[in-house]
>>> print(open('upload.txt').read())   # compact mmCIF, C-alpha atoms
# COMPACT_ATOMS: atom_id res chain seq x y z
CA MET A 1 101.95 68.94 74.96
CA GLU A 2 101.41 68.92 78.74
CA THR A 3 104.85 70.42 79.28
CA SER A 4 104.08 73.27 76.90
CA ARG A 5 100.74 73.90 78.61
CA SER A 6 102.33 73.94 82.05
CA GLY A 7 105.01 76.28 80.74
CA SER A 8 102.38 78.60 79.31
CA TRP A 9 100.45 78.61 82.58
CA PHE A 10 103.66 79.35 84.46
CA SER A 11 104.45 82.28 82.17
CA VAL A 12 100.90 83.60 82.51
CA MET A 13 101.06 83.45 86.31
CA LYS A 14 104.44 85.17 86.26
CA ARG A 15 103.11 87.98 84.08
CA VAL A 16 100.07 88.40 86.31
CA GLU A 17 102.16 88.42 89.48
CA ARG A 18 104.55 91.03 88.10
CA SER A 19 101.93 93.20 86.40
CA ALA A 20 101.37 96.75 87.64
CA TRP A 21 97.58 96.38 87.89
CA PHE A 22 97.91 93.29 90.09
CA GLN A 23 100.35 95.07 92.40
CA GLY A 24 97.98 98.02 92.61
CA PHE A 25 95.09 95.69 93.41
CA ILE A 26 97.12 94.11 96.23
CA ILE A 27 97.89 97.56 97.65
CA SER A 28 94.19 98.46 97.57
CA ILE A 29 93.33 95.21 99.40
CA ILE A 30 95.94 95.99 102.06
CA VAL A 31 94.41 99.45 102.50
CA VAL A 32 90.96 97.89 102.87
CA ALA A 33 92.41 95.46 105.42
CA ALA A 34 93.75 98.42 107.39
CA LEU A 35 90.34 100.09 107.31
CA THR A 36 88.65 96.91 108.58
CA VAL A 37 91.10 96.75 111.48
CA GLY A 38 90.27 100.34 112.38
CA ALA A 39 86.52 99.74 111.98
CA LYS A 40 86.62 96.87 114.45
CA THR A 41 87.73 99.24 117.19
CA TYR A 42 84.27 100.89 117.12
CA SER A 43 80.96 99.59 118.43
CA LEU A 44 79.14 98.76 115.20
CA PRO A 45 75.67 97.40 114.49
CA TYR A 46 75.37 93.65 114.11
CA GLY A 47 74.86 93.76 110.35
CA ILE A 48 77.88 95.96 109.68
CA ASP A 49 80.02 93.93 112.04
CA THR A 50 79.03 90.72 110.27
CA ALA A 51 79.83 92.26 106.87
CA ILE A 52 83.25 93.35 108.12
CA ASN A 53 83.93 89.82 109.37
CA TYR A 54 83.06 88.38 105.95
CA LEU A 55 85.27 91.00 104.32
CA ASP A 56 88.10 90.11 106.68
CA ASN A 57 87.77 86.43 105.76
CA PHE A 58 87.84 87.33 102.06
CA ILE A 59 90.99 89.40 102.58
CA THR A 60 92.65 86.51 104.42
CA VAL A 61 91.85 84.08 101.59
CA PHE A 62 93.00 86.60 98.99
CA PHE A 63 96.34 87.06 100.73
CA LEU A 64 96.77 83.29 100.83
CA VAL A 65 96.05 83.02 97.10
CA GLU A 66 98.35 85.94 96.32
CA LEU A 67 101.20 84.42 98.35
CA SER A 68 100.68 81.04 96.65
CA LEU A 69 100.77 82.77 93.25
CA ARG A 70 104.03 84.49 94.11
CA PHE A 71 105.51 81.21 95.27
CA ILE A 72 104.43 79.35 92.12
CA ALA A 73 105.66 82.17 89.86
CA CYS A 74 109.07 82.15 91.53
CA ASP A 75 111.73 80.46 89.39
CA ASP A 76 113.72 79.15 92.37
CA LYS A 77 111.44 77.90 95.14
CA ARG A 78 114.29 77.62 97.68
CA ARG A 79 115.35 81.18 96.97
CA PHE A 80 111.83 82.38 97.69
CA PHE A 81 112.22 81.79 101.43
CA LYS A 82 115.71 83.24 101.50
CA ASP A 83 114.16 86.67 101.02
CA PRO A 84 113.29 88.10 104.48
CA TRP A 85 110.30 89.97 103.04
CA ASN A 86 108.81 86.74 101.69
CA VAL A 87 109.30 85.10 105.08
CA PHE A 88 107.61 88.08 106.72
CA ASP A 89 104.63 87.86 104.34
CA THR A 90 104.37 84.11 104.90
CA VAL A 91 104.27 84.49 108.69
CA ILE A 92 101.64 87.24 108.50
CA VAL A 93 99.44 85.38 106.01
CA LEU A 94 99.64 82.00 107.72
CA GLY A 95 99.11 83.62 111.12
CA SER A 96 95.97 85.31 109.81
CA LEU A 97 94.50 81.87 109.09
CA VAL A 98 94.22 81.22 112.83
CA PRO A 99 90.56 81.62 113.90
CA ILE A 100 90.05 84.71 116.02
CA SER A 101 87.31 83.26 118.22
CA ASP A 102 87.06 80.38 120.68
CA THR A 103 90.83 79.86 120.79
CA GLU A 104 93.61 80.66 123.21
CA MET A 105 95.54 82.34 120.37
CA ILE A 106 92.90 85.02 119.87
CA LEU A 107 95.25 87.87 120.86
CA VAL A 108 98.05 86.64 118.58
CA ALA A 109 95.64 86.19 115.68
CA ARG A 110 94.27 89.71 116.09
CA LEU A 111 97.78 91.17 116.26
CA LEU A 112 98.78 89.35 113.09
CA ARG A 113 95.71 90.76 111.35
CA VAL A 114 96.80 94.23 112.44
CA PHE A 115 100.31 93.60 111.13
CA ARG A 116 98.90 92.82 107.70
CA VAL A 117 99.07 96.57 107.10
CA LEU A 118 102.86 96.24 107.16
CA ARG A 119 102.63 94.23 103.96
CA LEU A 120 102.59 97.58 102.20
CA VAL A 121 106.31 97.70 103.00
CA SER A 122 106.97 94.36 101.32
CA ILE A 123 104.82 95.21 98.29
CA ILE A 124 106.10 98.73 97.53
CA PRO A 125 109.77 98.66 96.43
CA ASP A 126 110.53 102.20 97.61
CA LEU A 127 109.38 101.36 101.13
CA ARG A 128 111.51 98.22 101.12
CA PHE A 129 114.51 100.29 100.05
CA LEU A 130 113.82 102.79 102.85
CA ILE A 131 113.52 100.09 105.52
CA ASN A 132 116.69 98.37 104.31
CA ALA A 133 118.53 101.69 104.45
CA LEU A 134 117.31 102.30 108.00
CA LEU A 135 118.41 98.83 109.08
CA LYS A 136 121.87 99.41 107.63
CA ALA A 137 122.07 102.77 109.43
CA ILE A 138 121.21 101.33 112.86
CA PRO A 139 124.85 100.39 113.72
CA LYS A 140 125.88 104.01 113.11
CA MET A 141 123.16 105.29 115.44
CA GLY A 142 125.37 104.41 118.39
CA TYR A 143 127.93 107.00 117.32
CA ILE A 144 125.18 109.61 116.98
CA ALA A 145 124.01 108.79 120.51
CA LEU A 146 127.60 109.08 121.75
CA LEU A 147 127.98 112.49 120.08
CA MET A 148 124.72 113.71 121.61
CA PHE A 149 125.87 112.47 125.04
CA ILE A 150 129.14 114.40 124.71
CA ILE A 151 127.31 117.60 123.74
CA PHE A 152 124.80 117.23 126.59
CA TYR A 153 127.61 116.45 129.04
CA ILE A 154 129.61 119.55 128.10
CA PHE A 155 126.67 121.96 128.31
CA ALA A 156 125.37 120.29 131.45
CA ALA A 157 128.74 120.92 133.11
CA VAL A 158 128.68 124.55 131.93
CA GLY A 159 125.12 124.99 133.19
CA SER A 160 125.93 123.46 136.55
CA ILE A 161 128.96 125.76 136.96
CA PHE A 162 127.11 128.96 136.11
CA PHE A 163 123.59 128.34 137.45
CA HIS A 164 123.85 125.94 140.39
CA HIS A 165 123.63 128.87 142.80
CA VAL A 166 120.56 130.19 140.95
CA ASN A 167 118.45 127.02 141.00
CA GLU A 168 119.70 123.90 142.78
CA THR A 169 116.68 121.92 141.58
CA LEU A 170 117.57 122.32 137.91
CA TRP A 171 121.35 122.77 137.99
CA GLY A 172 122.51 121.25 141.28
CA ASP A 173 124.94 118.76 139.69
CA ILE A 174 125.86 117.48 136.26
CA ALA A 175 123.34 114.61 136.32
CA ILE A 176 120.45 116.95 137.14
CA SER A 177 121.75 119.44 134.57
CA MET A 178 121.74 116.76 131.86
CA LEU A 179 118.17 115.88 132.77
CA THR A 180 117.25 119.56 132.61
CA LEU A 181 118.80 119.93 129.16
CA PHE A 182 116.97 116.82 127.98
CA ARG A 183 113.66 118.19 129.23
CA VAL A 184 114.38 121.53 127.53
CA ALA A 185 115.25 119.77 124.25
CA THR A 186 112.00 117.76 124.33
CA PHE A 187 109.89 120.73 125.59
CA GLU A 188 108.83 118.66 128.61
CA ASP A 189 107.20 120.92 131.27
CA TRP A 190 108.46 123.98 129.43
CA THR A 191 106.16 126.20 131.48
CA ASP A 192 108.11 125.26 134.62
CA TYR A 193 111.28 126.60 133.07
CA ARG A 194 109.53 129.75 131.96
CA ASN A 195 108.73 130.51 135.60
CA SER A 196 112.17 129.53 136.87
CA SER A 197 114.84 132.04 137.80
CA PHE A 198 117.11 130.60 135.10
CA TYR A 199 114.62 131.61 132.43
CA LYS A 200 114.42 135.10 133.86
CA ILE A 201 118.21 135.44 133.90
CA CYS A 202 118.49 134.28 130.30
CA LYS A 203 115.71 136.63 129.25
CA HIS A 204 117.42 139.63 130.83
CA TYR A 205 120.79 138.53 129.43
CA PHE A 206 119.61 138.27 125.84
CA PHE A 207 117.58 141.47 126.25
CA GLY A 208 120.76 143.22 127.33
CA LEU A 209 122.66 141.89 124.35
CA ALA A 210 119.94 143.15 122.05
CA CYS A 211 120.13 146.60 123.61
CA LEU A 212 123.92 146.68 123.18
CA GLN A 213 123.60 145.77 119.51
CA LYS A 214 121.21 148.65 118.98
>>> encode(input="upload.txt", output="structure tokens")
Amino acid sequence: METSRSGSWFSVMKRVERSAWFQGFIISIIVVAALTVGAKTYSLPYGIDTAINYLDNFITVFFLVELSLRFIACDDKRRFFKDPWNVFDTVIVLGSLVPISDTEMILVARLLRVFRVLRLVSIIPDLRFLINALLKAIPKMGYIALLMFIIFYIFAAVGSIFFHHVNETLWGDIAISMLTLFRVATFEDWTDYRNSSFYKICKHYFFGLACLQK
């Protein structure tokens, strides 16, 4: 009889943990936690600040209960901690239990409370899929950086050859030319380039091409 009751409770907890309404409720709590973090950055009246602190404590307890429910509803307890997202949630939740006042860990505790917003990633499957895809793409980012370096190097050499006599500050050598191209690509100090002689030459050059096409 006790085994059947425990099995029924286990099945009930599993259904609750996997239900859509429970997942939506968790997402709403995470959003409220994010709003409380943002509210604490303002100077609030004492009453509102106290209410936000009580709400923060409730959110911390709720996350602890929710994590415990997920752990109990898991069929294989050892496999639970093999999932990196479960480990991430455990660190965030347990770190949030650290008191945020009268301790030397006050900064760490506050940061962990801020990072609770990242639990949206572990709760929403599509976000988890996106993060996993980005992590798998990181090794290939090196080849993209290498390709961008080759392109910048080629055009920096061309710019230094053609325009070093026009503006030594921007096109004196290939290193300076690469820095100039990087600043142009990121629109850093674009007004300086607008007033430079290089910009004037390019403007007259393209204006001449337009006239020839007409």
>>> atom_distance(input="upload.txt", atom1="CA of Leu120 (chain A)", atom2="CA of Ile27 (chain A)")
6.5 Å
>>> closest_residue(input="upload.txt", among="A:Tyr143, A:Phe25, A:Phe129, A:Trp171", to="Phe155 (chain A)", atoms="all atoms listed in the file")
A:Trp171
>>> residues_around(input="upload.txt", residues="Ile161 (chain A)", least_positions_apart="5", cutoff="9 Å", atoms="only C-alpha atoms", output="list in words")
Ala156, Trp171, Gly172, Asp173 and Ile174 of chain A
>>> atom_distance(input="upload.txt", atom1="CA of Ile92 (chain A)", atom2="CA of Arg78 (chain A)")
19.2 Å
>>> residues_around(input="upload.txt", residues="region 17-22 of chain A", least_positions_apart="3", cutoff="10 Å", atoms="all atoms listed in the file", output="MDAnalysis selection string")
chainID A and resid 11:14 25:28 66:67 69:74
>>> atom_distance(input="upload.txt", atom1="CA of Val117 (chain A)", atom2="CA of Gly142 (chain A)")
29.7 Å
>>> closest_residue(input="upload.txt", among="A:Ser96, A:Gln23, A:Thr36, A:Asn86", to="Asn53 (chain A)", atoms="all atoms listed in the file")
A:Thr36
>>> residues_around(input="upload.txt", residues="Leu97 (chain A)", least_positions_apart="6", cutoff="9 Å", atoms="only C-alpha atoms", output="PDB file with C-alpha atoms, in the coordinates of the input")
ATOM      1  CA  ASN A  57      87.770  86.430 105.760  1.00  0.00           C
ATOM      2  CA  THR A  60      92.650  86.510 104.420  1.00  0.00           C
ATOM      3  CA  VAL A  61      91.850  84.080 101.590  1.00  0.00           C
ATOM      4  CA  LEU A  64      96.770  83.290 100.830  1.00  0.00           C
ATOM      5  CA  ALA A 109      95.640  86.190 115.680  1.00  0.00           C
TER       6      ALA A 109
END
>>> closest_residue(input="upload.txt", among="A:Met148, A:Leu179, A:Ile138, A:Trp85", to="Pro125 (chain A)", atoms="only C-alpha atoms")
A:Trp85
>>> closest_residue(input="upload.txt", among="A:Val91, A:Ile144, A:Leu44, A:Leu134", to="Arg113 (chain A)", atoms="only C-alpha atoms")
A:Val91
>>> closest_residue(input="upload.txt", among="A:Ile154, A:Leu135, A:Ile29, A:Val166", to="Met178 (chain A)", atoms="all atoms listed in the file")
A:Ile154
>>> closest_residue(input="upload.txt", among="A:Leu181, A:Thr186, A:Ile30, A:Ala133", to="Phe58 (chain A)", atoms="only C-alpha atoms")
A:Ile30
>>> decode(input="upload.txt", residues="region 123-145 of chain A", atoms="C-alpha atoms", output="JSON list (two decimals), in the first residue's frame")
[["chain", "number", "residue", "atom", "x", "y", "z"],
["A", 123, "ILE", "CA", 13.63, 26.62, -18.67],
["A", 124, "ILE", "CA", 12.78, 27.45, -22.30],
["A", 125, "PRO", "CA", 13.86, 24.61, -24.65],
["A", 126, "ASP", "CA", 14.30, 26.86, -27.69],
["A", 127, "LEU", "CA", 16.76, 29.06, -25.80],
["A", 128, "ARG", "CA", 18.68, 26.00, -24.66],
["A", 129, "PHE", "CA", 18.87, 24.80, -28.26],
["A", 130, "LEU", "CA", 20.13, 28.23, -29.36],
["A", 131, "ILE", "CA", 22.82, 28.38, -26.67],
["A", 132, "ASN", "CA", 23.96, 24.83, -27.45],
["A", 133, "ALA", "CA", 24.20, 25.73, -31.14],
["A", 134, "LEU", "CA", 26.27, 28.82, -30.33],
["A", 135, "LEU", "CA", 28.61, 26.80, -28.13],
["A", 136, "LYS", "CA", 29.12, 24.27, -30.91],
["A", 137, "ALA", "CA", 29.82, 27.09, -33.39],
["A", 138, "ILE", "CA", 32.51, 28.72, -31.22],
["A", 139, "PRO", "CA", 35.37, 26.53, -32.57],
["A", 140, "LYS", "CA", 34.49, 27.64, -36.12],
["A", 141, "MET", "CA", 34.61, 31.31, -35.10],
["A", 142, "GLY", "CA", 38.39, 31.17, -35.32],
["A", 143, "TYR", "CA", 38.21, 30.54, -39.05],
["A", 144, "ILE", "CA", 35.81, 33.46, -39.46],
["A", 145, "ALA", "CA", 38.26, 35.70, -37.58]]
